[in-house]
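Reading through the structure tokens given below for one structure.
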Amino acid sequence: MKDFANKGIKKTKKNTKKFVFRSKKISSLKISRKTLFFIFSISTVLAVISFFYLDTNVSKLESEESFNSIEISFPSSLIKGDSVLIGPEDSAAYLSCEYFVQIGAYGNKKYALEAQDMLNNEINNISINEVYSTAIPGKLIHSVVSGPYENKSSANNAKENITRIGFDPQLKATCK
């Protein structure tokens with residue numbers, strides 16, 4: 001409960017506010033005028049020296065107009081009607097490519113045989129080739145390869161089937 005007995009009596013408090021962060025001294029310059037004059041004179045001298053020493057001339061920095069011209073020339077024998085032939089019409093006639101799918105490369109032949117056994121039911125023409133590593137000269141690697149395929153589309157189909165089984169195959173091509 002609240003005590004109302006001393007309700008009419010007012011207590012007086014002394015109003016003593018203390019300013020903790022106030023200085024009693026009159027504000028003065030933190031940096032003397034001599035120091036400011038010294039810094040200003042040094043910067044002026046450096047600016048004048050750099051202007052003459054570096055020989056800056058702003059008028060030399062004006063831009064000049066430049067014109068670009070592109071000329072494309074090609075033999076007139078490639079012009080056929082309104083279009084220009086860029087390559088031969090039948091590029092497959094000049095190159096014969098065989099496509100392979102590399103299933104994996106293993107340092108131990110046992111793992112290469114396991115990969116071949118896992119894929120024998122799904123993929124045809126799987127072989128194991130022994131090649132030497134280019135990264136580590138002299139290291140024999142057993143490469144599990146599927147193919148050859150007659151076109152890139154059938155090689156990509158085989159690659160998708162191998163990916164579904166759980167391998168990470170790469171498409172390889174040899175062109176003659």
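As shown in the structure tokens, the chain order sets the letters A, B, ...; within each chain, residues go from 1, and ligands are also counted from 1 in the order they appear.
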Would you kindly return, as a ChimeraX atom specification, each protein, DNA or RNA residue with an atom no farther than 8 Å from any atom of segment 103-120 of chain A, considering only C-alpha atoms and excluding same-chain residues fewer than 4 positions away?
/A:124,126-128,140-146,162,167-170
Export of prior selection with N, CA and C atoms as a PDB file, in the first residue's frame:
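Saved to out_32.pdb:
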```pdb
ATOM      1  N   ASN A 124      26.862 -51.707 -75.587  1.00  0.00           N
ATOM      2  CA  ASN A 124      27.652 -52.620 -76.430  1.00  0.00           C
ATOM      3  C   ASN A 124      29.010 -51.997 -76.736  1.00  0.00           C
ATOM      4  N   ILE A 126      32.138 -52.270 -75.410  1.00  0.00           N
ATOM      5  CA  ILE A 126      32.964 -51.710 -74.338  1.00  0.00           C
ATOM      6  C   ILE A 126      34.318 -52.389 -74.385  1.00  0.00           C
ATOM      7  N   SER A 127      35.359 -51.594 -74.346  1.00  0.00           N
ATOM      8  CA  SER A 127      36.716 -52.137 -74.344  1.00  0.00           C
ATOM      9  C   SER A 127      37.552 -51.401 -73.308  1.00  0.00           C
ATOM     10  N   ILE A 128      38.651 -52.048 -72.912  1.00  0.00           N
ATOM     11  CA  ILE A 128      39.589 -51.453 -71.968  1.00  0.00           C
ATOM     12  C   ILE A 128      40.896 -51.224 -72.708  1.00  0.00           C
ATOM     13  N   LEU A 140      50.740 -46.012 -66.079  1.00  0.00           N
ATOM     14  CA  LEU A 140      49.817 -46.760 -66.933  1.00  0.00           C
ATOM     15  C   LEU A 140      48.397 -46.593 -66.411  1.00  0.00           C
ATOM     16  N   ILE A 141      47.481 -46.246 -67.325  1.00  0.00           N
ATOM     17  CA  ILE A 141      46.072 -46.040 -66.963  1.00  0.00           C
ATOM     18  C   ILE A 141      45.225 -46.958 -67.833  1.00  0.00           C
ATOM     19  N   HIS A 142      44.183 -47.522 -67.232  1.00  0.00           N
ATOM     20  CA  HIS A 142      43.256 -48.405 -67.944  1.00  0.00           C
ATOM     21  C   HIS A 142      41.993 -47.603 -68.237  1.00  0.00           C
ATOM     22  N   SER A 143      41.788 -47.312 -69.509  1.00  0.00           N
ATOM     23  CA  SER A 143      40.671 -46.481 -69.943  1.00  0.00           C
ATOM     24  C   SER A 143      39.534 -47.368 -70.435  1.00  0.00           C
ATOM     25  N   VAL A 144      38.345 -47.184 -69.862  1.00  0.00           N
ATOM     26  CA  VAL A 144      37.160 -47.942 -70.272  1.00  0.00           C
ATOM     27  C   VAL A 144      36.417 -47.088 -71.292  1.00  0.00           C
ATOM     28  N   VAL A 145      36.283 -47.623 -72.523  1.00  0.00           N
ATOM     29  CA  VAL A 145      35.752 -46.860 -73.648  1.00  0.00           C
ATOM     30  C   VAL A 145      34.631 -47.644 -74.311  1.00  0.00           C
ATOM     31  N   SER A 146      33.583 -46.925 -74.738  1.00  0.00           N
ATOM     32  CA  SER A 146      32.488 -47.517 -75.497  1.00  0.00           C
ATOM     33  C   SER A 146      32.487 -46.910 -76.891  1.00  0.00           C
ATOM     34  N   ILE A 162      24.819 -44.120 -70.012  1.00  0.00           N
ATOM     35  CA  ILE A 162      25.890 -44.393 -69.046  1.00  0.00           C
ATOM     36  C   ILE A 162      25.757 -43.463 -67.841  1.00  0.00           C
ATOM     37  N   PHE A 167      27.762 -43.249 -63.863  1.00  0.00           N
ATOM     38  CA  PHE A 167      29.113 -42.854 -64.244  1.00  0.00           C
ATOM     39  C   PHE A 167      29.113 -41.420 -64.757  1.00  0.00           C
ATOM     40  N   ASP A 168      30.311 -40.871 -64.939  1.00  0.00           N
ATOM     41  CA  ASP A 168      30.467 -39.525 -65.488  1.00  0.00           C
ATOM     42  C   ASP A 168      31.289 -39.616 -66.767  1.00  0.00           C
ATOM     43  N   PRO A 169      30.649 -39.994 -67.896  1.00  0.00           N
ATOM     44  CA  PRO A 169      31.393 -40.225 -69.130  1.00  0.00           C
ATOM     45  C   PRO A 169      31.767 -38.940 -69.853  1.00  0.00           C
ATOM     46  N   GLN A 170      32.733 -39.076 -70.773  1.00  0.00           N
ATOM     47  CA  GLN A 170      33.151 -37.958 -71.619  1.00  0.00           C
ATOM     48  C   GLN A 170      33.101 -38.400 -73.074  1.00  0.00           C
TER      49      GLN A 170
END
```
What gap, in Å, lies between atom CA of Ala158 of chain A and atom CA of Ser96 of chain A?
19.8 Å
Could you tell me how far atom CA of Phe100 of chain A lies from atom CA of Glu122 of chain A, in Å and to one decimal?
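Here the two named atoms are 15.8 Å from each other.
Interatomic distance, atom CA of Cys97 of chain A to atom CA of Lys152 of chain A: 9.0 Å.
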What's around Asn151 of chain A at 8 Å? Count only C-alpha atoms, leave out sequence neighbours fewer than 4 positions away in its own chain, and write the answer as an mmCIF file with C-alpha atoms, in the first residue's frame.
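selection21.cif was written with the following content:
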```
data_model
loop_
_atom_site.group_PDB
_atom_site.id
_atom_site.type_symbol
_atom_site.label_atom_id
_atom_site.label_comp_id
_atom_site.auth_asym_id
_atom_site.auth_seq_id
_atom_site.Cartn_x
_atom_site.Cartn_y
_atom_site.Cartn_z
ATOM 1 C CA CYS A 97 35.007 -39.027 -87.617
ATOM 2 C CA GLU A 98 34.551 -41.821 -85.130
ATOM 3 C CA TYR A 99 32.957 -41.003 -81.795
ATOM 4 C CA ALA A 155 27.405 -41.296 -79.039
#
```
